[in-house]
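Enquirer: Pasting in a structure now, in structure tokens, and then I'll have a few things to ask.
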Amino acid sequence: MGQEKKINNSTVHLLRGDIADLEIEAFVYYAREDLALGSGFGGAIAVRGGPTVQEELNKLAPVKLTEAVITAAGEMKADNIIHAVGPKFQEENLEAKLRATILNALKLADEKHLKRIAFPPMGTGFYGVPLELSAAVMFEVFAEYLSGNTGIEEVIICLMDSREYASFATRLSAAAVY
């Protein structure tokens, strides 16, 4: 495991790798409002997880911006996927919407009594949220939420490449000790 920070009774870890390949209770996917898996990472989920993931999503769609829903992960190593519908770059109130999206994913994980979840850098891919903004908001929300009453023991931020990792590692090391 990479760098980590203890927050109350939880730990936030940085990990370089493929989030869809983790053996974990759930990972978060930055979803579209119609919950169609589409191309890119969504396409990878559709292929790796099998058709049952999209079939479950079809019953839950559409979902409003900042909301999150959970499905099984199909044939992947993870047990579940939390599909969080987040904002797109240059959208009005981007930071507040991103904050609400991350918070709702955490709340859903708690509702489902999940202890270990993984997040990608939220919104930084296809949706164009700047990496630094994503990192700043994610750490702020994690610090605030995990400092409270939660059953979440471990949050992994799974980063695909060294550029993403470096940005999040810098932000993590600058964060106060909780």
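We label chains A, B, ... in the order they appear in the structure tokens, count residues from 1 in each chain, and number ligands from 1 in the order shown.
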What are the nearest atom pairs, with distances in Å to one decimal, for all residues of segment 36-126 of chain A that come at most 7 Å from segment 22-26 of chain A, using only C-alpha atoms, set out by chain and rising residue number as JSON lines?

Expert:
```
{"residue": "A:Lys77", "atom": "CA", "partner": "A:Glu23", "partner_atom": "CA", "distance": 4.8}
{"residue": "A:Ala78", "atom": "CA", "partner": "A:Ile24", "partner_atom": "CA", "distance": 4.8}
{"residue": "A:Asp79", "atom": "CA", "partner": "A:Glu25", "partner_atom": "CA", "distance": 4.9}
{"residue": "A:Asn80", "atom": "CA", "partner": "A:Ala26", "partner_atom": "CA", "distance": 4.4}
{"residue": "A:Ile81", "atom": "CA", "partner": "A:Ala26", "partner_atom": "CA", "distance": 5.1}
{"residue": "A:Ile82", "atom": "CA", "partner": "A:Ala26", "partner_atom": "CA", "distance": 6.6}
{"residue": "A:Leu114", "atom": "CA", "partner": "A:Glu25", "partner_atom": "CA", "distance": 6.4}
{"residue": "A:Arg116", "atom": "CA", "partner": "A:Glu25", "partner_atom": "CA", "distance": 5.7}
{"residue": "A:Ile117", "atom": "CA", "partner": "A:Ala26", "partner_atom": "CA", "distance": 4.9}
{"residue": "A:Ala118", "atom": "CA", "partner": "A:Ala26", "partner_atom": "CA", "distance": 6.5}
```

Enquirer: Output N, CA and C atoms for every residue in that selection, as a PDB file, in the first residue's frame.

Expert:
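The result, written out as again_12.pdb:
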```pdb
ATOM      1  N   LYS A  77     -13.715  -8.658  -8.976  1.00  0.00           N
ATOM      2  CA  LYS A  77     -13.258  -9.068  -7.643  1.00  0.00           C
ATOM      3  C   LYS A  77     -13.967  -8.311  -6.530  1.00  0.00           C
ATOM      4  N   ALA A  78     -14.393  -7.092  -6.804  1.00  0.00           N
ATOM      5  CA  ALA A  78     -15.121  -6.298  -5.816  1.00  0.00           C
ATOM      6  C   ALA A  78     -16.503  -6.909  -5.612  1.00  0.00           C
ATOM      7  N   ASP A  79     -17.087  -6.646  -4.450  1.00  0.00           N
ATOM      8  CA  ASP A  79     -18.446  -7.118  -4.188  1.00  0.00           C
ATOM      9  C   ASP A  79     -19.487  -6.197  -4.807  1.00  0.00           C
ATOM     10  N   ASN A  80     -19.234  -4.885  -4.748  1.00  0.00           N
ATOM     11  CA  ASN A  80     -20.214  -3.892  -5.184  1.00  0.00           C
ATOM     12  C   ASN A  80     -19.553  -2.742  -5.918  1.00  0.00           C
ATOM     13  N   ILE A  81     -20.404  -1.989  -6.620  1.00  0.00           N
ATOM     14  CA  ILE A  81     -19.983  -0.737  -7.243  1.00  0.00           C
ATOM     15  C   ILE A  81     -20.942   0.341  -6.773  1.00  0.00           C
ATOM     16  N   ILE A  82     -20.388   1.433  -6.276  1.00  0.00           N
ATOM     17  CA  ILE A  82     -21.190   2.605  -5.942  1.00  0.00           C
ATOM     18  C   ILE A  82     -21.091   3.534  -7.141  1.00  0.00           C
ATOM     19  N   LEU A 114     -20.552  -1.012   4.758  1.00  0.00           N
ATOM     20  CA  LEU A 114     -19.295  -1.355   4.105  1.00  0.00           C
ATOM     21  C   LEU A 114     -18.132  -0.801   4.925  1.00  0.00           C
ATOM     22  N   ARG A 116     -14.658  -1.232   3.781  1.00  0.00           N
ATOM     23  CA  ARG A 116     -13.543  -0.891   2.881  1.00  0.00           C
ATOM     24  C   ARG A 116     -14.086  -0.491   1.516  1.00  0.00           C
ATOM     25  N   ILE A 117     -13.787   0.745   1.101  1.00  0.00           N
ATOM     26  CA  ILE A 117     -14.209   1.209  -0.214  1.00  0.00           C
ATOM     27  C   ILE A 117     -13.051   1.901  -0.918  1.00  0.00           C
ATOM     28  N   ALA A 118     -13.144   1.928  -2.239  1.00  0.00           N
ATOM     29  CA  ALA A 118     -12.095   2.571  -3.044  1.00  0.00           C
ATOM     30  C   ALA A 118     -12.725   3.634  -3.942  1.00  0.00           C
TER      31      ALA A 118
END
```

Enquirer: Fewer than 5 positions away in the same chain doesn't count, so skip those; otherwise give me all residues within 10 Å of Ala169 of chain A, counting only C-alpha atoms, as a compact mmCIF listing (two decimals) with N, CA and C atoms, in the first residue's frame.

Expert:
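The result, stored in result_13.txt:
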```
# COMPACT_ATOMS: atom_id res chain seq x y z
N GLY A 2 0.44 2.29 -0.63
CA GLY A 2 1.22 3.53 -0.71
C GLY A 2 1.08 4.36 0.55
N GLN A 3 1.12 5.67 0.39
CA GLN A 3 1.01 6.58 1.53
C GLN A 3 -0.36 6.45 2.18
N GLU A 4 -0.42 6.80 3.46
CA GLU A 4 -1.69 6.73 4.16
C GLU A 4 -1.78 7.81 5.22
N HIS A 13 -5.81 5.49 2.28
CA HIS A 13 -4.60 5.01 1.60
C HIS A 13 -4.56 5.50 0.17
N LEU A 14 -3.36 5.72 -0.33
CA LEU A 14 -3.17 5.94 -1.76
C LEU A 14 -2.62 4.63 -2.34
N LEU A 15 -3.14 4.24 -3.48
CA LEU A 15 -2.72 3.01 -4.13
C LEU A 15 -2.65 3.26 -5.62
N ALA A 135 -8.46 16.26 -5.87
CA ALA A 135 -7.70 15.84 -4.69
C ALA A 135 -8.08 16.69 -3.47
N SER A 162 1.43 7.72 -12.50
CA SER A 162 2.29 8.49 -11.59
C SER A 162 1.88 9.95 -11.51
N ARG A 163 1.30 10.52 -12.55
CA ARG A 163 0.84 11.91 -12.52
C ARG A 163 -0.28 12.06 -11.50
N GLU A 164 -1.27 11.15 -11.55
CA GLU A 164 -2.36 11.18 -10.57
C GLU A 164 -1.82 10.94 -9.17
N ALA A 174 0.44 17.14 2.68
CA ALA A 174 0.18 18.50 3.17
C ALA A 174 -1.00 18.55 4.14
N ALA A 175 -1.81 17.51 4.13
CA ALA A 175 -2.99 17.47 5.01
C ALA A 175 -2.56 17.38 6.48
```

Enquirer: Which residues come within 9 Å of segment 105-111 of chain A, counting only C-alpha atoms, excluding same-chain residues fewer than 6 positions away, as number ranges by chain?

Expert: A: 26, 28, 66-70, 82-84, 117, 142, 145, 150-152

Enquirer: Print the selection's residues with N, CA and C atoms to a file, as a PDB file, in the first residue's frame.

Expert:
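Below you can see result16.pdb, which holds the result:
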```pdb
ATOM      1  N   ALA A  26     -16.441  -2.445  -2.074  1.00  0.00           N
ATOM      2  CA  ALA A  26     -17.029  -1.620  -3.129  1.00  0.00           C
ATOM      3  C   ALA A  26     -16.008  -0.640  -3.653  1.00  0.00           C
ATOM      4  N   VAL A  28     -16.010   3.034  -6.147  1.00  0.00           N
ATOM      5  CA  VAL A  28     -16.878   4.093  -6.646  1.00  0.00           C
ATOM      6  C   VAL A  28     -16.593   4.311  -8.128  1.00  0.00           C
ATOM      7  N   THR A  66     -25.296  14.363  -8.143  1.00  0.00           N
ATOM      8  CA  THR A  66     -24.735  14.232  -6.781  1.00  0.00           C
ATOM      9  C   THR A  66     -25.244  13.008  -6.030  1.00  0.00           C
ATOM     10  N   GLU A  67     -26.215  12.278  -6.578  1.00  0.00           N
ATOM     11  CA  GLU A  67     -26.732  11.094  -5.902  1.00  0.00           C
ATOM     12  C   GLU A  67     -25.888   9.870  -6.222  1.00  0.00           C
ATOM     13  N   ALA A  68     -26.035   8.834  -5.398  1.00  0.00           N
ATOM     14  CA  ALA A  68     -25.279   7.593  -5.583  1.00  0.00           C
ATOM     15  C   ALA A  68     -26.211   6.402  -5.396  1.00  0.00           C
ATOM     16  N   VAL A  69     -25.948   5.356  -6.172  1.00  0.00           N
ATOM     17  CA  VAL A  69     -26.668   4.090  -6.046  1.00  0.00           C
ATOM     18  C   VAL A  69     -25.641   2.968  -6.010  1.00  0.00           C
ATOM     19  N   ILE A  70     -26.063   1.801  -5.561  1.00  0.00           N
ATOM     20  CA  ILE A  70     -25.131   0.675  -5.446  1.00  0.00           C
ATOM     21  C   ILE A  70     -25.671  -0.525  -6.218  1.00  0.00           C
ATOM     22  N   ILE A  82     -20.388   1.433  -6.276  1.00  0.00           N
ATOM     23  CA  ILE A  82     -21.190   2.605  -5.942  1.00  0.00           C
ATOM     24  C   ILE A  82     -21.091   3.534  -7.141  1.00  0.00           C
ATOM     25  N   HIS A  83     -22.217   3.780  -7.783  1.00  0.00           N
ATOM     26  CA  HIS A  83     -22.283   4.628  -8.976  1.00  0.00           C
ATOM     27  C   HIS A  83     -22.689   6.021  -8.501  1.00  0.00           C
ATOM     28  N   ALA A  84     -21.742   6.949  -8.500  1.00  0.00           N
ATOM     29  CA  ALA A  84     -21.957   8.308  -7.998  1.00  0.00           C
ATOM     30  C   ALA A  84     -22.006   9.270  -9.182  1.00  0.00           C
ATOM     31  N   ILE A 117     -13.787   0.745   1.101  1.00  0.00           N
ATOM     32  CA  ILE A 117     -14.209   1.209  -0.214  1.00  0.00           C
ATOM     33  C   ILE A 117     -13.051   1.901  -0.918  1.00  0.00           C
ATOM     34  N   PHE A 142     -13.305  13.590   2.986  1.00  0.00           N
ATOM     35  CA  PHE A 142     -12.898  12.423   3.785  1.00  0.00           C
ATOM     36  C   PHE A 142     -12.579  12.834   5.217  1.00  0.00           C
ATOM     37  N   TYR A 145     -15.925  13.723   7.008  1.00  0.00           N
ATOM     38  CA  TYR A 145     -16.839  12.598   7.188  1.00  0.00           C
ATOM     39  C   TYR A 145     -16.266  11.528   8.118  1.00  0.00           C
ATOM     40  N   THR A 150     -18.758   6.866  11.885  1.00  0.00           N
ATOM     41  CA  THR A 150     -18.836   6.067  10.663  1.00  0.00           C
ATOM     42  C   THR A 150     -18.313   4.661  10.915  1.00  0.00           C
ATOM     43  N   GLY A 151     -18.825   3.716  10.167  1.00  0.00           N
ATOM     44  CA  GLY A 151     -18.324   2.346  10.236  1.00  0.00           C
ATOM     45  C   GLY A 151     -17.254   2.079   9.196  1.00  0.00           C
ATOM     46  N   ILE A 152     -16.975   3.064   8.346  1.00  0.00           N
ATOM     47  CA  ILE A 152     -15.952   2.894   7.311  1.00  0.00           C
ATOM     48  C   ILE A 152     -14.581   2.880   7.967  1.00  0.00           C
TER      49      ILE A 152
END
```

Enquirer: Between atom CA of Thr101 of chain A and atom CA of Val137 of chain A, measure the distance and give it in Å to one decimal.

Expert: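 So the answer is 10.5 Å.
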
Enquirer: So which residues touch Val12 of chain A within 10 Å, counting only C-alpha atoms, skipping near sequence neighbours fewer than 4 positions away, as a PyMOL selection string?

Expert: chain A and resi 3-7+117-118+139+142-143+146+153-157+172

Enquirer: Suppose you want the space between atom CA of Gly38 of chain A and atom CA of Arg99 of chain A; what is it in Å?

Expert: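 A separation of 24.3 Å between them.
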
Enquirer: Taking only C-alpha atoms into account, name the residue in A:Ala61, A:Tyr29, A:Ala36, A:Arg171 that is nearest to Ala73 of chain A.

Expert: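 Between A:Ala61, A:Tyr29, A:Ala36, A:Arg171, the residue approaching Ala73 of chain A most closely is A:Tyr29.
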
Enquirer: From the options A:Leu60, A:Leu94, A:Leu35, A:Ala20, which residue's atoms come nearest to Gly123 of chain A, counting only C-alpha atoms?

Expert: A:Leu94

Enquirer: What is the distance between atom CA of Lys64 of chain A and atom CA of Lys112 of chain A, in Å to one decimal?

Expert: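 Interatomic distance here is 19.9 Å.
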
Enquirer: Point out the residue among A:Asn104, A:Thr124, A:Thr11, A:Ser134 with the least atom-to-atom distance to Ser147 of chain A, counting only C-alpha atoms.

Expert: A:Thr11

Enquirer: Using only C-alpha atoms, can you tell me which of A:Gly148, A:Gly40, A:Gly86, A:Gly17 comes closest to Val63 of chain A?

Expert: A:Gly86

Enquirer: When DSSP is applied to the backbone of this structure, which of segment 102-155 of chain A are assigned strand (DSSP E or B)? Write them out as a count of residues only.

Expert: 6

Enquirer: Identify which of the residues A:Asn93, A:Pro62, A:Gly128, A:Leu103 lies closest to Glu144 of chain A, counting only C-alpha atoms when measuring atom-to-atom distances.

Expert: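 Of A:Asn93, A:Pro62, A:Gly128, A:Leu103, the one nearest Glu144 of chain A is A:Leu103, counting only C-alpha atoms.
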